[in-house]
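Text of structure25.cif, listed as mmCIF, C-alpha atoms:
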```cif
data_protein
#
loop_
_atom_site.label_atom_id
_atom_site.label_comp_id
_atom_site.auth_asym_id
_atom_site.auth_seq_id
_atom_site.Cartn_x
_atom_site.Cartn_y
_atom_site.Cartn_z
CA ASP Z 1 8.63 -7.45 -92.16
CA GLY Z 2 11.52 -7.16 -89.74
CA GLY Z 3 12.94 -10.27 -88.25
CA ILE Z 4 15.77 -12.69 -87.74
CA THR Z 5 16.52 -15.30 -90.38
CA GLN Z 6 18.45 -18.41 -89.56
CA SER Z 7 19.50 -20.91 -92.20
CA PRO Z 8 19.38 -23.72 -92.81
CA LYS Z 9 16.53 -25.04 -90.67
CA TYR Z 10 18.06 -28.53 -90.55
CA LEU Z 11 21.71 -29.42 -91.02
CA PHE Z 12 23.38 -32.80 -91.08
CA ARG Z 13 27.15 -33.24 -90.93
CA LYS Z 14 29.68 -35.95 -90.41
CA GLU Z 15 31.85 -35.87 -87.34
CA GLY Z 16 35.08 -33.97 -87.90
CA GLN Z 17 33.63 -31.42 -90.30
CA ASN Z 18 33.26 -27.73 -89.57
CA VAL Z 19 29.86 -26.24 -90.27
CA THR Z 20 28.64 -22.63 -90.41
CA LEU Z 21 25.18 -21.52 -89.33
CA SER Z 22 23.82 -18.33 -90.79
CA CYS Z 23 21.99 -15.57 -88.89
CA GLU Z 24 20.76 -12.34 -90.46
CA GLN Z 25 18.60 -9.63 -88.88
CA ASN Z 26 16.93 -6.53 -90.29
CA LEU Z 27 15.72 -5.14 -86.97
CA ASN Z 28 18.62 -2.67 -86.76
CA HIS Z 29 19.64 -4.24 -83.45
CA ASP Z 30 23.16 -3.66 -82.22
CA ALA Z 31 23.46 -6.81 -80.12
CA MET Z 32 23.36 -10.35 -81.44
CA TYR Z 33 23.62 -13.66 -79.60
CA TRP Z 34 24.02 -17.36 -80.21
CA TYR Z 35 22.42 -19.84 -77.82
CA ARG Z 36 22.43 -23.59 -77.75
CA GLN Z 37 19.52 -25.66 -76.48
CA ASP Z 38 19.67 -29.37 -75.67
CA PRO Z 39 16.56 -31.49 -75.03
CA GLY Z 40 14.94 -30.64 -71.72
CA GLN Z 41 17.45 -27.93 -70.99
CA GLY Z 42 17.48 -24.19 -71.01
CA LEU Z 43 19.35 -21.90 -73.33
CA ARG Z 44 23.10 -21.65 -72.93
CA LEU Z 45 24.98 -18.66 -74.31
CA ILE Z 46 27.75 -19.43 -76.81
CA TYR Z 47 28.86 -16.02 -78.11
CA TYR Z 48 27.49 -12.50 -78.23
CA SER Z 49 28.32 -9.27 -79.99
CA GLN Z 50 27.38 -5.68 -79.29
CA ILE Z 51 29.06 -3.95 -82.20
CA VAL Z 52 30.61 -4.80 -85.52
CA ASN Z 53 34.03 -6.45 -85.37
CA ASP Z 54 33.70 -7.17 -81.67
CA PHE Z 55 32.31 -10.22 -79.86
CA GLN Z 56 32.60 -11.93 -76.51
CA LYS Z 57 32.62 -15.54 -75.34
CA GLY Z 58 29.58 -16.77 -73.52
CA ASP Z 59 29.35 -19.67 -71.10
CA ILE Z 60 30.09 -22.47 -73.58
CA ALA Z 61 32.29 -20.97 -76.32
CA GLU Z 62 34.74 -23.87 -76.64
CA GLY Z 63 34.58 -25.46 -80.08
CA TYR Z 64 32.71 -22.53 -81.63
CA SER Z 65 33.76 -19.39 -83.50
CA VAL Z 66 31.89 -16.33 -84.75
CA SER Z 67 32.42 -13.20 -86.80
CA ARG Z 68 30.61 -9.87 -86.93
CA GLU Z 69 31.69 -8.12 -90.11
CA LYS Z 70 28.29 -6.50 -90.65
CA LYS Z 71 25.68 -5.25 -88.20
CA GLU Z 72 23.06 -7.49 -89.79
CA SER Z 73 25.03 -10.73 -89.79
CA PHE Z 74 26.44 -12.97 -87.06
CA PRO Z 75 27.41 -16.41 -88.40
CA LEU Z 76 28.39 -19.23 -86.07
CA THR Z 77 30.92 -21.91 -86.99
CA VAL Z 78 30.75 -25.20 -85.16
CA THR Z 79 34.22 -26.67 -85.38
CA SER Z 80 35.38 -30.25 -85.12
CA ALA Z 81 36.69 -29.39 -81.66
CA GLN Z 82 33.13 -29.18 -80.30
CA LYS Z 83 32.64 -32.55 -78.62
CA ASN Z 84 28.84 -32.71 -78.66
CA PRO Z 85 27.65 -30.47 -81.49
CA THR Z 86 24.23 -32.04 -82.03
CA ALA Z 87 21.75 -29.47 -80.67
CA PHE Z 88 19.20 -26.79 -81.50
CA TYR Z 89 20.98 -23.49 -82.20
CA LEU Z 90 19.19 -20.21 -81.69
CA CYS Z 91 20.28 -16.79 -82.87
CA ALA Z 92 18.85 -13.73 -81.15
CA SER Z 93 19.17 -9.99 -81.39
CA GLY Z 94 18.24 -7.04 -79.25
CA ARG Z 95 18.96 -3.45 -78.40
CA THR Z 96 21.80 -2.88 -75.97
CA GLY Z 97 20.78 -2.06 -72.44
CA ASN Z 98 19.45 -3.94 -69.45
CA ASN Z 99 15.77 -3.59 -70.23
CA SER Z 100 15.84 -4.93 -73.74
CA PRO Z 101 14.27 -8.27 -74.57
CA LEU Z 102 15.79 -10.64 -77.06
CA HIS Z 103 14.10 -11.64 -80.29
CA PHE Z 104 14.85 -15.06 -81.67
CA GLY Z 105 15.23 -16.56 -85.10
CA ASN Z 106 13.53 -19.86 -85.95
CA GLY Z 107 16.61 -21.89 -85.08
CA THR Z 108 18.85 -24.41 -86.80
CA ARG Z 109 18.75 -28.03 -85.77
CA LEU Z 110 22.21 -29.52 -86.25
CA THR Z 111 22.79 -33.26 -86.25
CA VAL Z 112 26.31 -34.61 -86.36
CA THR Z 113 26.87 -38.33 -86.86
CA GLN G 1 23.94 -23.01 -58.07
CA LYS G 2 21.73 -22.21 -61.04
CA GLU G 3 21.16 -18.52 -61.52
CA VAL G 4 17.58 -18.87 -62.71
CA GLU G 5 15.47 -21.77 -61.46
CA GLN G 6 12.10 -23.06 -62.58
CA ASN G 7 10.15 -26.20 -61.86
CA SER G 8 10.48 -28.37 -64.93
CA GLY G 9 6.94 -29.74 -64.71
CA PRO G 10 4.99 -30.90 -66.49
CA LEU G 11 2.32 -28.69 -64.98
CA SER G 12 -1.04 -30.16 -65.87
CA VAL G 13 -3.85 -27.61 -65.98
CA PRO G 14 -7.51 -28.21 -66.85
CA GLU G 15 -8.86 -26.08 -69.67
CA GLY G 16 -10.27 -22.85 -68.32
CA ALA G 17 -8.23 -22.96 -65.11
CA ILE G 18 -5.35 -20.74 -64.01
CA ALA G 19 -1.79 -21.90 -64.62
CA SER G 20 0.74 -20.55 -62.13
CA LEU G 21 4.44 -20.65 -63.00
CA ASN G 22 7.26 -19.61 -60.70
CA CYS G 23 10.84 -18.55 -61.26
CA THR G 24 13.54 -17.66 -58.73
CA TYR G 25 16.80 -15.93 -59.46
CA SER G 26 20.06 -15.49 -57.59
CA ASP G 27 21.37 -12.13 -58.84
CA ARG G 28 19.85 -9.64 -56.40
CA GLY G 29 20.69 -6.70 -58.66
CA SER G 30 18.77 -8.00 -61.67
CA GLN G 31 16.46 -5.41 -63.11
CA SER G 32 14.56 -6.91 -66.03
CA PHE G 33 12.51 -10.07 -66.21
CA PHE G 34 11.04 -11.77 -69.23
CA TRP G 35 8.74 -14.69 -69.94
CA TYR G 36 9.07 -16.58 -73.20
CA ARG G 37 6.81 -19.28 -74.58
CA GLN G 38 8.38 -22.09 -76.59
CA TYR G 39 6.35 -24.63 -78.50
CA SER G 40 7.96 -28.00 -79.11
CA GLY G 41 10.55 -27.74 -81.87
CA LYS G 42 10.14 -23.99 -82.21
CA SER G 43 12.05 -20.96 -81.03
CA PRO G 44 11.10 -18.92 -77.94
CA GLU G 45 8.70 -16.01 -78.35
CA LEU G 46 8.42 -13.14 -75.89
CA ILE G 47 5.08 -12.96 -74.11
CA MET G 48 5.68 -10.71 -71.09
CA PHE G 49 8.27 -8.50 -69.48
CA ILE G 50 8.29 -6.78 -66.12
CA TYR G 51 10.69 -4.34 -64.53
CA SER G 52 8.97 -3.12 -61.34
CA ASN G 53 7.66 -4.88 -58.26
CA GLY G 54 4.01 -5.80 -58.45
CA ASP G 55 1.73 -7.12 -61.13
CA LYS G 56 1.59 -6.49 -64.84
CA GLU G 57 -1.32 -7.74 -66.89
CA ASP G 58 -1.53 -8.34 -70.62
CA GLY G 59 -4.65 -10.13 -71.79
CA ARG G 60 -4.83 -13.52 -70.13
CA PHE G 61 -1.26 -13.23 -68.82
CA THR G 62 -0.15 -11.63 -65.56
CA ALA G 63 3.47 -11.31 -64.52
CA GLN G 64 4.25 -10.78 -60.84
CA LEU G 65 7.59 -9.58 -59.53
CA ASN G 66 8.91 -9.56 -55.97
CA LYS G 67 12.50 -8.36 -55.95
CA ALA G 68 12.89 -8.70 -52.16
CA SER G 69 12.13 -12.41 -52.40
CA GLN G 70 13.84 -12.74 -55.78
CA TYR G 71 11.02 -14.39 -57.60
CA VAL G 72 8.93 -13.69 -60.63
CA SER G 73 5.79 -15.56 -61.59
CA LEU G 74 3.49 -15.89 -64.56
CA LEU G 75 -0.23 -16.54 -64.33
CA ILE G 76 -2.20 -17.75 -67.33
CA ARG G 77 -5.93 -17.27 -66.85
CA ASP G 78 -8.58 -19.25 -68.72
CA SER G 79 -5.94 -21.70 -69.94
CA GLN G 80 -6.45 -23.03 -73.45
CA PRO G 81 -4.97 -26.11 -75.16
CA SER G 82 -2.96 -23.68 -77.30
CA ASP G 83 -1.17 -22.58 -74.11
CA SER G 84 0.47 -26.01 -73.90
CA ALA G 85 4.15 -25.19 -74.27
CA THR G 86 7.34 -24.69 -72.29
CA TYR G 87 7.63 -21.33 -70.57
CA LEU G 88 11.09 -19.90 -70.10
CA CYS G 89 11.94 -17.32 -67.47
CA ALA G 90 14.79 -14.96 -68.38
CA VAL G 91 16.56 -12.49 -66.13
CA ASN G 92 19.05 -9.85 -67.12
CA SER G 93 22.59 -10.08 -65.84
CA ILE G 94 24.07 -6.95 -64.37
CA THR G 95 27.58 -8.30 -64.12
CA ASP G 96 28.43 -6.47 -67.30
CA SER G 97 26.98 -3.65 -69.31
CA TRP G 98 25.71 -5.91 -72.07
CA GLY G 99 22.51 -6.87 -70.33
CA LYS G 100 22.85 -10.54 -71.13
CA LEU G 101 19.85 -12.67 -70.30
CA GLN G 102 20.13 -15.78 -68.15
CA PHE G 103 17.46 -18.36 -68.89
CA GLY G 104 15.86 -20.95 -66.69
CA ALA G 105 15.37 -24.46 -68.02
CA GLY G 106 11.66 -23.86 -68.49
CA THR G 107 8.37 -25.19 -67.13
CA GLN G 108 6.33 -27.43 -69.39
CA VAL G 109 2.62 -26.67 -69.25
CA VAL G 110 0.03 -29.14 -70.48
CA VAL G 111 -3.55 -27.89 -70.73
CA THR G 112 -6.01 -30.76 -70.75
CA PRO G 113 -9.45 -30.39 -72.41
#
```
Turn the structure described in the file into structure tokens.
Amino acid sequence: DGGITQSPKYLFRKEGQNVTLSCEQNLNHDAMYWYRQDPGQGLRLIYYSQIVNDFQKGDIAEGYSVSREKKESFPLTVTSAQKNPTAFYLCASGRTGNNSPLHFGNGTRLTVT
Amino acid sequence: QKEVEQNSGPLSVPEGAIASLNCTYSDRGSQSFFWYRQYSGKSPELIMFIYSNGDKEDGRFTAQLNKASQYVSLLIRDSQPSDSATYLCAVNSITDSWGKLQFGAGTQVVVTP
């Protein structure tokens, strides 16, 4: 079955450590996205990518980095520079174009203490 | 000013009644509108999309779009306890060719037996 796989589901880290969240899709989608969701809030865009080896900053990119070396993969690194990293992270993919919905992975819940 | 606005709720709906959710958006040129359902602790799942003015029905769900007034709504008929969730409105951004989606903060719906 086609879909988006995020791992791990839960992640615990100490403050000051970098951590990488995995996102893999087999939907053959060109575009991939990372969103962050905090309790009671909507989704905020961190980074997005339309093609391999190219990506753009979203609304809250500070303290995060990404890579897009393969069409299927779009890992997100939460660096120690991110001041409030504890959140629910959602990876999504979709076809390029204005009428394309996004499909989401199951999310990674990151807790930094 | 938020680009996509929704009442946060909670919207309490008796079982079997109609739930009516509203969403307003600021980008007059937006072309695509999506409704996602998100259960607590889970990722959003697409339930409806609409591109043209008017109504679009899919089972118990009806999406309504009025571009002149810049609002989109979602009706849930014969509400069931399983409809209790947060509903996210998403609108495409036309400020770039990527078709990024802007999300509202969501409306929490609680269906009471």
Give me the residues within 10 Å of Z:Tyr48 as a PyMOL selection string, counting all atoms listed in the file and dropping any in the same chain fewer than 4 places off.
-> (chain Z and resi 31-35+54-58+61+66-68+74+91-93) or (chain G and resi 98+100)
Do you know which residues the PyMOL selection byres ((chain Z) within 12 of (chain G)) returns on this file, as a PyMOL selection string?
-> chain Z and resi 4-6+9-10+30-51+55-59+87-109
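When the PyMOL selection byres ((chain Z and resi 76) around 6) is evaluated on the file shown here, the picked residues come out as Thr20, Leu21, Ser65, Val66, Pro75 and Thr77 of chain Z.
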Who sits within 9 Å of G:Lys67, all atoms listed in the file, same chain under 5 positions skipped, as a ChimeraX atom specification = /G:28-31,52-53,72
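A straight line drawn from atom CA of G:Gln64 to atom CA of G:Glu5 is 15.7 Å long.
We find atom CA of G:Ala19 and atom CA of G:Gln70 to be spaced 20.2 Å apart.
Between atom CA of G:Arg77 and atom CA of G:Phe61 the separation is 6.5 Å.
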Could you put an axis-aligned box around every listed atom of stretch 66-72 of chain G, padded by 8 Å on each side, and send me its centre and edge lengths in Å to one decimal, as lines of an AutoDock Vina configuration file?
```
center_x = 11.4
center_y = -11.4
center_z = -56.4
size_x = 20.9
size_y = 22.0
size_z = 24.5
```
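Once Z:Glu15 and its same-chain neighbours fewer than 6 positions away are set aside, Z:Val78, Z:Thr79, Z:Ser80, Z:Ala81, Z:Gln82, Z:Lys83, Z:Asn84, Z:Pro85, Z:Thr86, Z:Leu110, Z:Thr111, Z:Val112, Z:Thr113 remain within 12 Å of it when counting all atoms listed in the file.
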